[in-house]
$ cat coords23.txt   # compact mmCIF, C-alpha atoms and all ligand atoms
# COMPACT_ATOMS: atom_id res chain seq x y z
CA MET A 1 0.00 0.00 0.00
CA ARG A 2 1.16 3.50 -0.86
CA LYS A 3 1.43 6.04 1.99
CA VAL A 4 -1.55 8.45 1.92
CA GLY A 5 -1.53 11.87 3.57
CA ILE A 6 -3.64 15.00 3.90
CA VAL A 7 -2.08 17.72 1.77
CA GLY A 8 -4.70 20.46 2.03
CA VAL A 9 -7.53 21.51 4.35
CA GLY A 10 -10.47 23.90 4.15
CA GLU A 11 -13.68 24.77 5.95
CA TYR A 12 -16.83 26.79 5.60
CA LEU A 13 -19.04 27.99 8.41
CA PRO A 14 -22.21 29.90 7.57
CA GLN A 15 -22.30 33.56 8.64
CA ARG A 16 -25.33 33.47 10.92
CA VAL A 17 -24.52 32.89 14.59
CA LEU A 18 -27.19 31.54 16.96
CA THR A 19 -26.18 32.10 20.58
CA ASN A 20 -27.46 30.39 23.70
CA ALA A 21 -29.18 33.69 24.54
CA ASP A 22 -31.05 33.47 21.21
CA LEU A 23 -32.18 29.93 22.14
CA GLU A 24 -33.48 31.18 25.50
CA LYS A 25 -36.10 33.07 23.45
CA LEU A 26 -37.12 29.93 21.52
CA VAL A 27 -37.39 27.20 24.17
CA ASP A 28 -37.30 26.78 27.96
CA THR A 29 -33.53 26.69 28.37
CA SER A 30 -30.66 28.81 29.68
CA ASP A 31 -27.14 29.72 28.69
CA GLU A 32 -26.04 28.25 32.01
CA TRP A 33 -27.66 24.84 31.30
CA ILE A 34 -26.33 24.59 27.76
CA THR A 35 -22.82 25.71 28.70
CA THR A 36 -22.40 23.44 31.71
CA ARG A 37 -24.08 20.37 30.17
CA THR A 38 -22.59 20.58 26.66
CA GLY A 39 -19.80 23.19 26.41
CA ILE A 40 -21.66 24.93 23.57
CA LYS A 41 -21.93 28.74 23.55
CA GLU A 42 -23.06 29.32 19.97
CA ARG A 43 -23.57 27.56 16.63
CA ARG A 44 -23.78 28.57 12.96
CA LEU A 45 -26.91 28.32 10.85
CA ALA A 46 -26.99 28.13 7.06
CA SER A 47 -29.38 30.53 5.36
CA GLY A 48 -32.63 29.37 3.77
CA ASP A 49 -31.13 29.24 0.29
CA GLU A 50 -27.88 27.53 1.36
CA ALA A 51 -27.94 23.73 1.00
CA VAL A 52 -25.30 21.26 2.16
CA SER A 53 -23.65 21.24 -1.28
CA ASP A 54 -23.06 25.00 -0.97
CA LEU A 55 -21.27 24.52 2.34
CA ALA A 56 -19.27 21.60 0.90
CA ILE A 57 -18.26 23.51 -2.25
CA ASN A 58 -16.90 26.44 -0.24
CA ALA A 59 -14.91 24.14 2.06
CA ALA A 60 -13.64 22.15 -0.95
CA LYS A 61 -12.43 25.28 -2.74
CA GLU A 62 -10.42 26.34 0.30
CA ALA A 63 -8.91 22.85 0.64
CA LEU A 64 -7.95 22.76 -3.06
CA ALA A 65 -6.31 26.20 -2.81
CA ASN A 66 -4.50 25.10 0.34
CA ALA A 67 -3.19 22.02 -1.50
CA HIS A 68 -2.25 24.14 -4.58
CA LEU A 69 -4.34 21.86 -6.79
CA ASN A 70 -6.96 22.45 -9.48
CA PRO A 71 -10.35 20.70 -9.38
CA GLU A 72 -9.53 18.98 -12.70
CA GLU A 73 -6.79 17.08 -10.87
CA LEU A 74 -9.28 15.37 -8.55
CA ASP A 75 -10.20 11.82 -9.42
CA LEU A 76 -12.25 10.98 -6.33
CA ILE A 77 -14.81 13.00 -4.33
CA ILE A 78 -16.46 11.59 -1.20
CA ILE A 79 -18.99 13.64 0.74
CA ALA A 80 -19.96 12.41 4.21
CA THR A 81 -23.40 13.76 5.09
CA ILE A 82 -26.75 12.84 6.63
CA THR A 83 -28.40 16.06 5.45
CA PRO A 84 -28.03 15.91 1.65
CA ASP A 85 -29.62 18.54 -0.60
CA MET A 86 -32.15 15.90 -1.67
CA GLN A 87 -32.57 12.11 -1.46
CA PHE A 88 -30.82 11.75 -4.81
CA PRO A 89 -28.68 12.51 -6.69
CA SER A 90 -25.77 12.69 -4.30
CA VAL A 91 -24.27 15.88 -2.90
CA ALA A 92 -21.01 14.61 -4.40
CA SER A 93 -22.48 14.85 -7.93
CA ILE A 94 -23.51 18.45 -7.27
CA VAL A 95 -20.07 19.30 -5.87
CA GLN A 96 -18.30 17.57 -8.80
CA ASN A 97 -20.27 19.70 -11.26
CA ALA A 98 -19.83 22.95 -9.33
CA LEU A 99 -16.07 22.45 -9.12
CA SER A 100 -15.84 21.29 -12.77
CA ALA A 101 -13.95 18.27 -11.49
CA LYS A 102 -14.96 16.49 -14.67
CA THR A 103 -12.94 13.30 -14.30
CA ALA A 104 -13.65 12.67 -10.61
CA VAL A 105 -15.70 9.70 -9.43
CA ALA A 106 -18.10 11.07 -6.81
CA PHE A 107 -20.39 9.60 -4.18
CA ASP A 108 -21.83 10.27 -0.71
CA ILE A 109 -21.56 8.14 2.38
CA SER A 110 -23.94 8.05 5.34
CA ALA A 111 -22.14 7.36 8.59
CA ALA A 112 -23.48 10.23 10.68
CA CYS A 113 -20.92 11.77 13.05
CA ALA A 114 -18.32 9.17 12.07
CA GLY A 115 -18.84 9.97 8.37
CA PHE A 116 -15.69 12.04 7.91
CA VAL A 117 -13.43 9.34 9.36
CA TYR A 118 -15.26 6.65 7.34
CA ALA A 119 -14.71 8.74 4.18
CA LEU A 120 -11.03 9.28 4.99
CA SER A 121 -10.62 5.55 5.37
CA ILE A 122 -12.33 4.82 2.02
CA ALA A 123 -10.21 7.42 0.22
CA GLN A 124 -7.07 6.01 1.82
CA GLN A 125 -7.87 2.54 0.44
CA PHE A 126 -8.43 3.84 -3.10
CA ILE A 127 -5.26 5.94 -3.15
CA GLY A 128 -3.23 3.36 -1.23
CA LEU A 129 -4.07 0.71 -3.81
CA GLY A 130 -3.33 3.05 -6.69
CA THR A 131 -6.91 3.11 -8.05
CA TYR A 132 -7.11 6.90 -7.73
CA LYS A 133 -4.46 9.54 -7.12
CA ILE A 134 -6.07 12.63 -5.60
CA ALA A 135 -9.19 12.64 -3.43
CA LEU A 136 -11.41 15.32 -1.93
CA VAL A 137 -13.10 14.26 1.31
CA VAL A 138 -15.72 16.54 2.86
CA GLY A 139 -17.85 16.33 6.00
CA ALA A 140 -20.80 18.68 5.47
CA GLU A 141 -24.10 19.11 7.30
CA LYS A 142 -27.08 21.39 7.54
CA LEU A 143 -28.44 19.91 10.75
CA SER A 144 -30.63 22.98 11.27
CA SER A 145 -32.83 21.57 8.48
CA VAL A 146 -33.68 18.46 10.55
CA THR A 147 -33.68 20.08 14.00
CA ASP A 148 -36.96 20.41 15.89
CA TRP A 149 -36.81 24.01 17.11
CA GLN A 150 -39.54 23.23 19.66
CA ASP A 151 -37.55 20.43 21.34
CA ARG A 152 -35.14 21.80 23.95
CA ASN A 153 -33.58 18.34 24.36
CA THR A 154 -32.04 18.53 20.90
CA CYS A 155 -32.27 22.02 19.37
CA VAL A 156 -29.55 23.47 21.60
CA LEU A 157 -27.01 20.89 20.41
CA PHE A 158 -26.62 21.16 16.65
CA GLY A 159 -25.22 23.45 13.98
CA ASP A 160 -24.25 23.70 10.30
CA GLY A 161 -20.86 23.66 8.59
CA ALA A 162 -18.37 21.85 6.39
CA GLY A 163 -14.75 20.71 6.61
CA ALA A 164 -12.72 19.35 3.71
CA CYS A 165 -9.37 17.80 3.00
CA ILE A 166 -7.35 16.68 0.01
CA LEU A 167 -5.59 13.33 0.14
CA LYS A 168 -2.81 12.02 -2.04
CA GLU A 169 0.25 9.81 -1.93
CA VAL A 170 3.01 11.15 0.32
CA LYS A 171 6.64 10.09 0.74
CA SER A 172 6.56 9.98 4.52
CA GLY A 173 4.00 10.17 7.32
CA GLY A 174 0.31 10.16 6.39
CA ILE A 175 -2.47 7.91 7.67
CA ILE A 176 -0.95 5.17 9.83
CA SER A 177 -4.08 3.29 10.81
CA THR A 178 -7.88 3.51 10.77
CA TYR A 179 -10.45 1.65 12.83
CA LEU A 180 -14.17 1.65 11.99
CA GLY A 181 -17.11 0.02 13.78
CA CYS A 182 -20.89 -0.32 13.80
CA ASP A 183 -23.56 -1.60 16.19
CA GLY A 184 -26.86 -1.57 14.32
CA SER A 185 -28.87 -2.79 17.31
CA LYS A 186 -29.43 0.70 18.79
CA LEU A 187 -31.10 2.63 15.98
CA GLU A 188 -33.70 4.04 18.37
CA LEU A 189 -31.13 6.15 20.24
CA LEU A 190 -30.65 8.62 17.39
CA ASN A 191 -32.55 8.73 14.14
CA LEU A 192 -34.74 10.71 11.76
CA PRO A 193 -37.89 8.59 11.39
CA ALA A 194 -39.65 9.88 8.26
CA GLY A 195 -38.86 10.96 4.74
CA GLY A 196 -37.29 7.68 3.64
CA SER A 197 -38.87 4.54 2.16
CA ARG A 198 -40.04 3.31 5.59
CA LEU A 199 -42.16 6.38 6.27
CA PRO A 200 -42.47 8.51 3.13
CA ALA A 201 -43.51 12.11 3.70
CA SER A 202 -47.21 12.47 4.37
CA HIS A 203 -49.46 14.92 6.22
CA GLU A 204 -49.36 12.48 9.16
CA THR A 205 -45.56 12.35 9.33
CA VAL A 206 -45.30 16.12 9.12
CA ASN A 207 -47.97 16.64 11.78
CA ALA A 208 -46.20 14.13 14.05
CA ARG A 209 -42.91 16.06 13.62
CA GLN A 210 -41.26 12.88 12.32
CA HIS A 211 -39.02 14.76 9.88
CA PHE A 212 -36.90 16.01 12.78
CA LEU A 213 -34.11 14.07 14.44
CA LYS A 214 -34.93 12.20 17.66
CA MET A 215 -32.32 11.47 20.29
CA GLN A 216 -32.05 9.71 23.64
CA GLY A 217 -29.09 11.78 24.76
CA ASN A 218 -28.55 10.33 28.19
CA GLU A 219 -28.18 6.74 26.98
CA LEU A 220 -25.98 7.80 24.06
CA PHE A 221 -23.70 9.76 26.36
CA LYS A 222 -22.57 6.65 28.24
CA ILE A 223 -22.08 4.60 25.07
CA ALA A 224 -20.19 7.47 23.40
CA VAL A 225 -17.64 7.69 26.23
CA LYS A 226 -17.03 3.94 26.27
CA THR A 227 -16.95 3.52 22.49
CA MET A 228 -14.70 6.50 21.74
CA THR A 229 -12.27 5.38 24.44
CA ASP A 230 -12.20 1.87 23.02
CA ALA A 231 -11.80 3.08 19.41
CA ALA A 232 -8.88 5.33 20.36
CA GLU A 233 -7.14 2.47 22.16
CA LYS A 234 -7.67 0.06 19.27
CA VAL A 235 -6.53 2.39 16.49
CA LEU A 236 -3.43 3.39 18.43
CA LYS A 237 -2.54 -0.24 19.13
CA GLN A 238 -2.96 -1.00 15.42
CA ALA A 239 -0.58 1.88 14.69
CA GLY A 240 1.97 0.42 17.09
CA LEU A 241 1.94 3.59 19.19
CA LYS A 242 1.30 4.61 22.81
CA PHE A 243 -0.83 7.47 24.16
CA SER A 244 2.35 9.26 25.16
CA ASP A 245 3.18 9.42 21.42
CA VAL A 246 -0.05 11.32 20.62
CA ASP A 247 0.42 15.09 20.17
CA LEU A 248 -3.25 15.93 19.69
CA ILE A 249 -6.55 14.07 19.85
CA ILE A 250 -9.26 15.59 17.65
CA PRO A 251 -12.56 14.09 18.76
CA HIS A 252 -16.07 14.42 17.39
CA GLN A 253 -17.58 17.48 19.06
CA ALA A 254 -20.92 16.26 20.49
CA ASN A 255 -20.45 17.31 24.10
CA SER A 256 -17.38 18.67 25.92
CA ARG A 257 -18.19 16.42 28.89
CA ILE A 258 -18.00 13.33 26.64
CA ILE A 259 -14.70 14.56 25.22
CA MET A 260 -13.17 15.28 28.63
CA ALA A 261 -14.35 11.92 30.00
CA VAL A 262 -12.69 10.14 27.06
CA GLY A 263 -9.51 12.18 27.54
CA LYS A 264 -9.43 11.30 31.23
CA ARG A 265 -9.89 7.57 30.57
CA LEU A 266 -7.07 7.67 28.03
CA GLY A 267 -4.83 9.58 30.45
CA LEU A 268 -4.45 12.55 28.09
CA SER A 269 -3.78 16.01 29.48
CA GLU A 270 -6.25 18.74 28.47
CA ASP A 271 -3.70 20.51 26.27
CA LYS A 272 -3.66 17.43 24.02
CA ILE A 273 -7.41 17.57 23.39
CA PHE A 274 -8.80 19.79 20.64
CA LEU A 275 -12.14 21.51 21.29
CA ASN A 276 -14.13 23.88 19.09
CA ILE A 277 -17.61 22.83 20.22
CA GLU A 278 -18.16 26.14 22.03
CA LYS A 279 -18.31 27.94 18.65
CA TYR A 280 -20.20 25.43 16.51
CA GLY A 281 -22.06 22.79 18.55
CA ASN A 282 -22.41 19.33 17.05
CA MET A 283 -22.20 19.39 13.24
CA SER A 284 -22.17 15.60 12.81
CA SER A 285 -19.74 14.64 10.00
CA ALA A 286 -18.57 18.26 9.76
CA SER A 287 -17.47 18.36 13.40
CA THR A 288 -14.37 16.15 13.24
CA ALA A 289 -13.60 17.64 9.82
CA THR A 290 -13.66 21.30 10.88
CA ALA A 291 -11.91 20.47 14.14
CA LEU A 292 -9.04 18.96 12.14
CA VAL A 293 -8.97 21.95 9.78
CA GLU A 294 -8.94 24.47 12.65
CA ALA A 295 -6.30 22.54 14.58
CA VAL A 296 -4.07 22.78 11.49
CA LYS A 297 -4.87 26.48 10.89
CA GLU A 298 -4.19 27.33 14.55
CA GLY A 299 -0.80 25.63 14.42
CA ARG A 300 -1.86 22.96 16.94
CA VAL A 301 -0.79 20.33 14.37
CA LYS A 302 2.77 20.58 13.11
CA LYS A 303 4.80 18.49 10.70
CA GLY A 304 5.73 15.19 12.28
CA ASP A 305 2.97 15.34 14.92
CA ILE A 306 0.86 12.27 15.72
CA VAL A 307 -2.83 13.17 15.46
CA LEU A 308 -5.67 10.93 16.57
CA LEU A 309 -9.19 11.47 15.16
CA ASP A 310 -11.97 9.83 17.18
CA SER A 311 -15.66 9.92 16.25
CA PHE A 312 -18.99 8.36 17.18
CA GLY A 313 -22.60 8.77 16.11
CA ALA A 314 -25.99 7.49 14.95
CA GLY A 315 -26.01 3.97 13.61
CA LEU A 316 -24.37 3.45 15.97
CA VAL A 317 -21.09 3.96 14.15
CA TRP A 318 -17.61 4.94 15.19
CA GLY A 319 -14.32 5.62 13.48
CA ALA A 320 -10.81 6.51 14.62
CA CYS A 321 -7.72 7.34 12.64
CA VAL A 322 -4.04 7.94 13.44
CA ILE A 323 -2.17 10.33 11.17
CA LYS A 324 1.49 11.34 11.18
CA TRP A 325 1.31 14.92 9.93
N1 LIG B 1 -32.36 23.29 28.77
C1 LIG B 1 -32.74 23.05 30.04
N2 LIG B 1 -33.02 21.82 30.52
C2 LIG B 1 -32.92 20.79 29.65
C3 LIG B 1 -32.54 20.97 28.31
C4 LIG B 1 -32.28 22.29 27.87
N3 LIG B 1 -31.90 22.55 26.61
N4 LIG B 1 -32.53 19.77 27.70
C5 LIG B 1 -32.87 18.86 28.62
N5 LIG B 1 -33.12 19.47 29.79
C6 LIG B 1 -33.53 18.88 31.05
C7 LIG B 1 -34.24 17.57 30.87
O1 LIG B 1 -35.59 17.78 30.60
C8 LIG B 1 -34.01 16.91 32.22
O2 LIG B 1 -34.94 17.42 33.13
P1 LIG B 1 -35.61 16.48 34.24
O3 LIG B 1 -34.44 15.98 35.07
O4 LIG B 1 -36.51 17.42 34.93
O5 LIG B 1 -36.28 15.41 33.47
C9 LIG B 1 -32.63 17.40 32.62
O6 LIG B 1 -32.38 18.58 31.82
C10 LIG B 1 -31.52 16.40 32.41
O7 LIG B 1 -31.64 15.83 31.14
P2 LIG B 1 -30.61 14.77 30.62
O8 LIG B 1 -31.01 14.32 29.25
O9 LIG B 1 -30.40 13.72 31.65
O10 LIG B 1 -29.30 15.67 30.55
P3 LIG B 1 -27.83 15.23 30.22
O11 LIG B 1 -26.94 15.67 31.28
O12 LIG B 1 -27.73 13.80 29.76
O13 LIG B 1 -27.50 16.13 28.95
C11 LIG B 1 -27.32 15.89 26.57
C12 LIG B 1 -28.26 15.99 27.76
C13 LIG B 1 -28.14 15.67 25.32
C14 LIG B 1 -26.57 17.20 26.47
C15 LIG B 1 -26.31 14.74 26.75
O14 LIG B 1 -27.01 13.60 27.18
C16 LIG B 1 -25.52 14.40 25.53
O15 LIG B 1 -24.70 15.15 25.09
N6 LIG B 1 -25.71 13.18 25.01
C17 LIG B 1 -24.88 12.57 24.00
C18 LIG B 1 -25.08 13.13 22.65
C19 LIG B 1 -24.33 12.27 21.71
O16 LIG B 1 -23.31 11.71 22.00
N7 LIG B 1 -24.82 12.10 20.51
C20 LIG B 1 -24.24 11.14 19.64
C21 LIG B 1 -23.28 11.70 18.73
S1 LIG B 1 -24.04 12.83 17.68

$ encode --input "coords23.txt" --output "structure tokens" --more "lines below"
Ligand code: COA
Amino acid sequence: MRKVGIVGVGEYLPQRVLTNADLEKLVDTSDEWITTRTGIKERRLASGDEAVSDLAINAAKEALANAHLNPEELDLIIIATITPDMQFPSVASIVQNALSAKTAVAFDISAACAGFVYALSIAQQFIGLGTYKIALVVGAEKLSSVTDWQDRNTCVLFGDGAGACILKEVKSGGIISTYLGCDGSKLELLNLPAGGSRLPASHETVNARQHFLKMQGNELFKIAVKTMTDAAEKVLKQAGLKFSDVDLIIPHQANSRIIMAVGKRLGLSEDKIFLNIEKYGNMSSASTATALVEAVKEGRVKKGDIVLLDSFGAGLVWGACVIKW
């Protein structure tokens, strides 16, 4: 297998900021509750005429510029999303056309909050085997479009955004190991019931608010801590490394208490844990992606560093990845 590395990163966060104070006017909540229970202070919301592809295209353009590459050089585009513009065609087809990446194969994957790490792993296989040379991987979500703004249990948690990276063969470093998992026995903990082939859109489904995501947060919390800890241990073992070798862990940003509990179990000091949840909330596949992008932009990831991505979400699915930068 060829060595595969990330050679460019980009992100796009919509302009509109929704603060905890704004949410206090919508539902029975408080800045104090949201901050202490989740770590979130504000989140971004896409505008009415911005779809997920628009967020993805902007992030992709920045990543291509950062990698000093033209869209025509891409031969693979993978978009991780659970909030596509429409059921079909894929967001990836829309992005391919918008970028004029005419020769790129393009498809979406649905792995919720682990989608970005799943997509990285798929791209790594294709490039590692020599099937394709240059890949664009994007995690993009418009979760505000599936958020029930009357449900205080969920509406305070989510936001919109996109993070992108360019992968290609590298001489040294790159992705050392990936570890993916799924437990399909707990679908009820986090899902969006209607709008698919099980429950097509009808007046009944709309009236029953079944086009909004449903979550049993408390139960998920415990599983998230255990699963993310386990995934980090497994992927690091596969890489032949120890936690003392890790320079920065970049976890999925669902809840700062989950992240800190995982960090504590792994014996990582707080300065080795990347957090941006206070600015964006949980953006599903876009969370790990933008966290990686911002860690790079802020200089928290330097050449030669060992970076550990760790994600978990609806499915249930999880994915971890060790990268030598
Ligand atoms: N404002 C004020 N009170 C709220 C609230 C809000 N926005 N949302 C819930 N509450 C209330 C509940 O009604 C409950 O009240 P009660 O005790 O009177 O019934 C109380 O706060 C505690 O609720 P609980 O659900 O036990 O809180 P929690 O500490 O578990 O925090 C989450 C809730 C959702 C923040 C947390 O469980 C979480 O982050 N879960 C994991 C999410 C996750 O990992 N998702 C998967 C990846 S995407």

$ closest_atom_pairs --input "coords23.txt" --of "chain A" --to "ligand LIG 1 (chain B)" --cutoff "6 Å" --atoms "only C-alpha atoms and all ligand atoms" --output "JSON lines"
{"residue": "A:Thr29", "atom": "CA", "partner": "B:LIG1", "partner_atom": "N1", "distance": 3.6}
{"residue": "A:Ser30", "atom": "CA", "partner": "B:LIG1", "partner_atom": "N1", "distance": 5.8}
{"residue": "A:Trp33", "atom": "CA", "partner": "B:LIG1", "partner_atom": "C1", "distance": 5.5}
{"residue": "A:Arg37", "atom": "CA", "partner": "B:LIG1", "partner_atom": "C14", "distance": 5.5}
{"residue": "A:Thr38", "atom": "CA", "partner": "B:LIG1", "partner_atom": "C14", "distance": 5.2}
{"residue": "A:Cys113", "atom": "CA", "partner": "B:LIG1", "partner_atom": "S1", "distance": 5.7}
{"residue": "A:Arg152", "atom": "CA", "partner": "B:LIG1", "partner_atom": "N3", "distance": 4.3}
{"residue": "A:Asn153", "atom": "CA", "partner": "B:LIG1", "partner_atom": "N4", "distance": 3.8}
{"residue": "A:Val156", "atom": "CA", "partner": "B:LIG1", "partner_atom": "N3", "distance": 5.6}
{"residue": "A:Gly217", "atom": "CA", "partner": "B:LIG1", "partner_atom": "N6", "distance": 3.7}
{"residue": "A:Asn218", "atom": "CA", "partner": "B:LIG1", "partner_atom": "O14", "distance": 3.8}
{"residue": "A:Leu220", "atom": "CA", "partner": "B:LIG1", "partner_atom": "C17", "distance": 4.9}
{"residue": "A:Phe221", "atom": "CA", "partner": "B:LIG1", "partner_atom": "C17", "distance": 3.9}
{"residue": "A:Ala224", "atom": "CA", "partner": "B:LIG1", "partner_atom": "O16", "distance": 5.4}
{"residue": "A:Ala254", "atom": "CA", "partner": "B:LIG1", "partner_atom": "O16", "distance": 5.4}
{"residue": "A:Asn255", "atom": "CA", "partner": "B:LIG1", "partner_atom": "O15", "distance": 4.9}
{"residue": "A:Ser284", "atom": "CA", "partner": "B:LIG1", "partner_atom": "S1", "distance": 5.9}
{"residue": "A:Phe312", "atom": "CA", "partner": "B:LIG1", "partner_atom": "C21", "distance": 5.7}
{"residue": "A:Gly313", "atom": "CA", "partner": "B:LIG1", "partner_atom": "C21", "distance": 4.0}

$ closest_residue --input "coords23.txt" --among "A:Leu199, A:Ala51, A:Val296, A:Ala59" --to "Ser145 (chain A)" --atoms "all atoms listed in the file"
A:Ala51

$ atom_distance --input "coords23.txt" --atom1 "CA of Asp85 (chain A)" --atom2 "CA of His68 (chain A)"
28.2 Å

$ closest_residue --input "coords23.txt" --among "A:Asn97, A:Ile134, A:Ser47, A:Lys171" --to "Gln15 (chain A)" --atoms "all atoms listed in the file"
A:Ser47

$ residues_around --input "coords23.txt" --residues "region 174-179 of chain A" --least-positions-apart "2" --cutoff "7 Å" --atoms "all atoms listed in the file" --output "list of chain:residue names"
A:Lys3, A:Val4, A:Gly5, A:Ile6, A:Ser121, A:Val170, A:Ser172, A:Gly181, A:Ala231, A:Val235, A:Gln238, A:Ala239, A:Gly319, A:Ala320, A:Cys321, A:Val322, A:Ile323, A:Lys324, A:Trp325

$ closest_residue --input "coords23.txt" --among "A:Gly10, A:Gly315, A:Gly48, A:Gly115" --to "Gly184 (chain A)" --atoms "only C-alpha atoms"
A:Gly315

$ axis_aligned_box --input "coords23.txt" --around "region 70-84 of chain A" --padding-each-side "3 Å" --output "lines of an AutoDock Vina configuration file"
center_x = -17.6
center_y = 16.7
center_z = -3.0
size_x = 27.6
size_y = 17.5
size_z = 25.3

$ atom_distance --input "coords23.txt" --atom1 "CA of Lys25 (chain A)" --atom2 "CA of Thr205 (chain A)"
26.8 Å

$ closest_residue --input "coords23.txt" --among "A:Lys102, A:His252, A:Lys234, A:Arg2" --to "Thr290 (chain A)" --atoms "all atoms listed in the file"
A:His252

$ atom_distance --input "coords23.txt" --atom1 "CA of Lys61 (chain A)" --atom2 "CA of Val91 (chain A)"
15.1 Å

$ residues_around --input "coords23.txt" --residues "Lys186 (chain A)" --least-positions-apart "3" --cutoff "8 Å" --atoms "all atoms listed in the file" --output "ChimeraX atom specification"
/A:183,189,315-316

$ build_atoms --input "coords23.txt" --residues "region 94-100 of chain A" --atoms "all heavy atoms" --output "PDB file, in the frame of the given file"
ATOM      1  N   ILE A  94     -23.313  16.996  -7.187  1.00  0.00           N
ATOM      2  CA  ILE A  94     -23.510  18.450  -7.270  1.00  0.00           C
ATOM      3  C   ILE A  94     -22.178  19.174  -7.093  1.00  0.00           C
ATOM      4  O   ILE A  94     -21.849  20.109  -7.814  1.00  0.00           O
ATOM      5  CB  ILE A  94     -24.539  18.909  -6.197  1.00  0.00           C
ATOM      6  CG1 ILE A  94     -25.885  18.202  -6.420  1.00  0.00           C
ATOM      7  CG2 ILE A  94     -24.702  20.423  -6.203  1.00  0.00           C
ATOM      8  CD1 ILE A  94     -26.862  18.300  -5.255  1.00  0.00           C
ATOM      9  N   VAL A  95     -21.384  18.688  -6.138  1.00  0.00           N
ATOM     10  CA  VAL A  95     -20.070  19.300  -5.870  1.00  0.00           C
ATOM     11  C   VAL A  95     -19.147  19.088  -7.081  1.00  0.00           C
ATOM     12  O   VAL A  95     -18.440  20.006  -7.517  1.00  0.00           O
ATOM     13  CB  VAL A  95     -19.452  18.695  -4.586  1.00  0.00           C
ATOM     14  CG1 VAL A  95     -18.009  19.151  -4.401  1.00  0.00           C
ATOM     15  CG2 VAL A  95     -20.296  19.075  -3.364  1.00  0.00           C
ATOM     16  N   GLN A  96     -19.155  17.884  -7.638  1.00  0.00           N
ATOM     17  CA  GLN A  96     -18.300  17.570  -8.800  1.00  0.00           C
ATOM     18  C   GLN A  96     -18.578  18.548  -9.928  1.00  0.00           C
ATOM     19  O   GLN A  96     -17.684  19.099 -10.557  1.00  0.00           O
ATOM     20  CB  GLN A  96     -18.565  16.118  -9.237  1.00  0.00           C
ATOM     21  CG  GLN A  96     -17.563  15.593 -10.239  1.00  0.00           C
ATOM     22  CD  GLN A  96     -18.199  15.294 -11.589  1.00  0.00           C
ATOM     23  OE1 GLN A  96     -19.185  15.936 -11.980  1.00  0.00           O
ATOM     24  NE2 GLN A  96     -17.622  14.353 -12.306  1.00  0.00           N
ATOM     25  N   ASN A  97     -19.872  18.794 -10.184  1.00  0.00           N
ATOM     26  CA  ASN A  97     -20.270  19.700 -11.260  1.00  0.00           C
ATOM     27  C   ASN A  97     -19.867  21.144 -10.949  1.00  0.00           C
ATOM     28  O   ASN A  97     -19.300  21.839 -11.785  1.00  0.00           O
ATOM     29  CB  ASN A  97     -21.779  19.598 -11.495  1.00  0.00           C
ATOM     30  CG  ASN A  97     -22.232  20.498 -12.611  1.00  0.00           C
ATOM     31  OD1 ASN A  97     -21.705  20.421 -13.714  1.00  0.00           O
ATOM     32  ND2 ASN A  97     -23.180  21.372 -12.322  1.00  0.00           N
ATOM     33  N   ALA A  98     -20.130  21.559  -9.704  1.00  0.00           N
ATOM     34  CA  ALA A  98     -19.830  22.950  -9.330  1.00  0.00           C
ATOM     35  C   ALA A  98     -18.336  23.250  -9.402  1.00  0.00           C
ATOM     36  O   ALA A  98     -17.933  24.362  -9.725  1.00  0.00           O
ATOM     37  CB  ALA A  98     -20.361  23.228  -7.931  1.00  0.00           C
ATOM     38  N   LEU A  99     -17.527  22.249  -9.091  1.00  0.00           N
ATOM     39  CA  LEU A  99     -16.070  22.450  -9.120  1.00  0.00           C
ATOM     40  C   LEU A  99     -15.501  22.244 -10.532  1.00  0.00           C
ATOM     41  O   LEU A  99     -14.333  22.513 -10.768  1.00  0.00           O
ATOM     42  CB  LEU A  99     -15.370  21.471  -8.170  1.00  0.00           C
ATOM     43  CG  LEU A  99     -15.626  21.607  -6.668  1.00  0.00           C
ATOM     44  CD1 LEU A  99     -14.925  20.484  -5.912  1.00  0.00           C
ATOM     45  CD2 LEU A  99     -15.170  22.961  -6.142  1.00  0.00           C
ATOM     46  N   SER A 100     -16.324  21.726 -11.443  1.00  0.00           N
ATOM     47  CA  SER A 100     -15.840  21.290 -12.770  1.00  0.00           C
ATOM     48  C   SER A 100     -14.733  20.253 -12.636  1.00  0.00           C
ATOM     49  O   SER A 100     -13.745  20.278 -13.357  1.00  0.00           O
ATOM     50  CB  SER A 100     -15.337  22.471 -13.606  1.00  0.00           C
ATOM     51  OG  SER A 100     -16.383  23.348 -13.871  1.00  0.00           O
TER      52      SER A 100
END
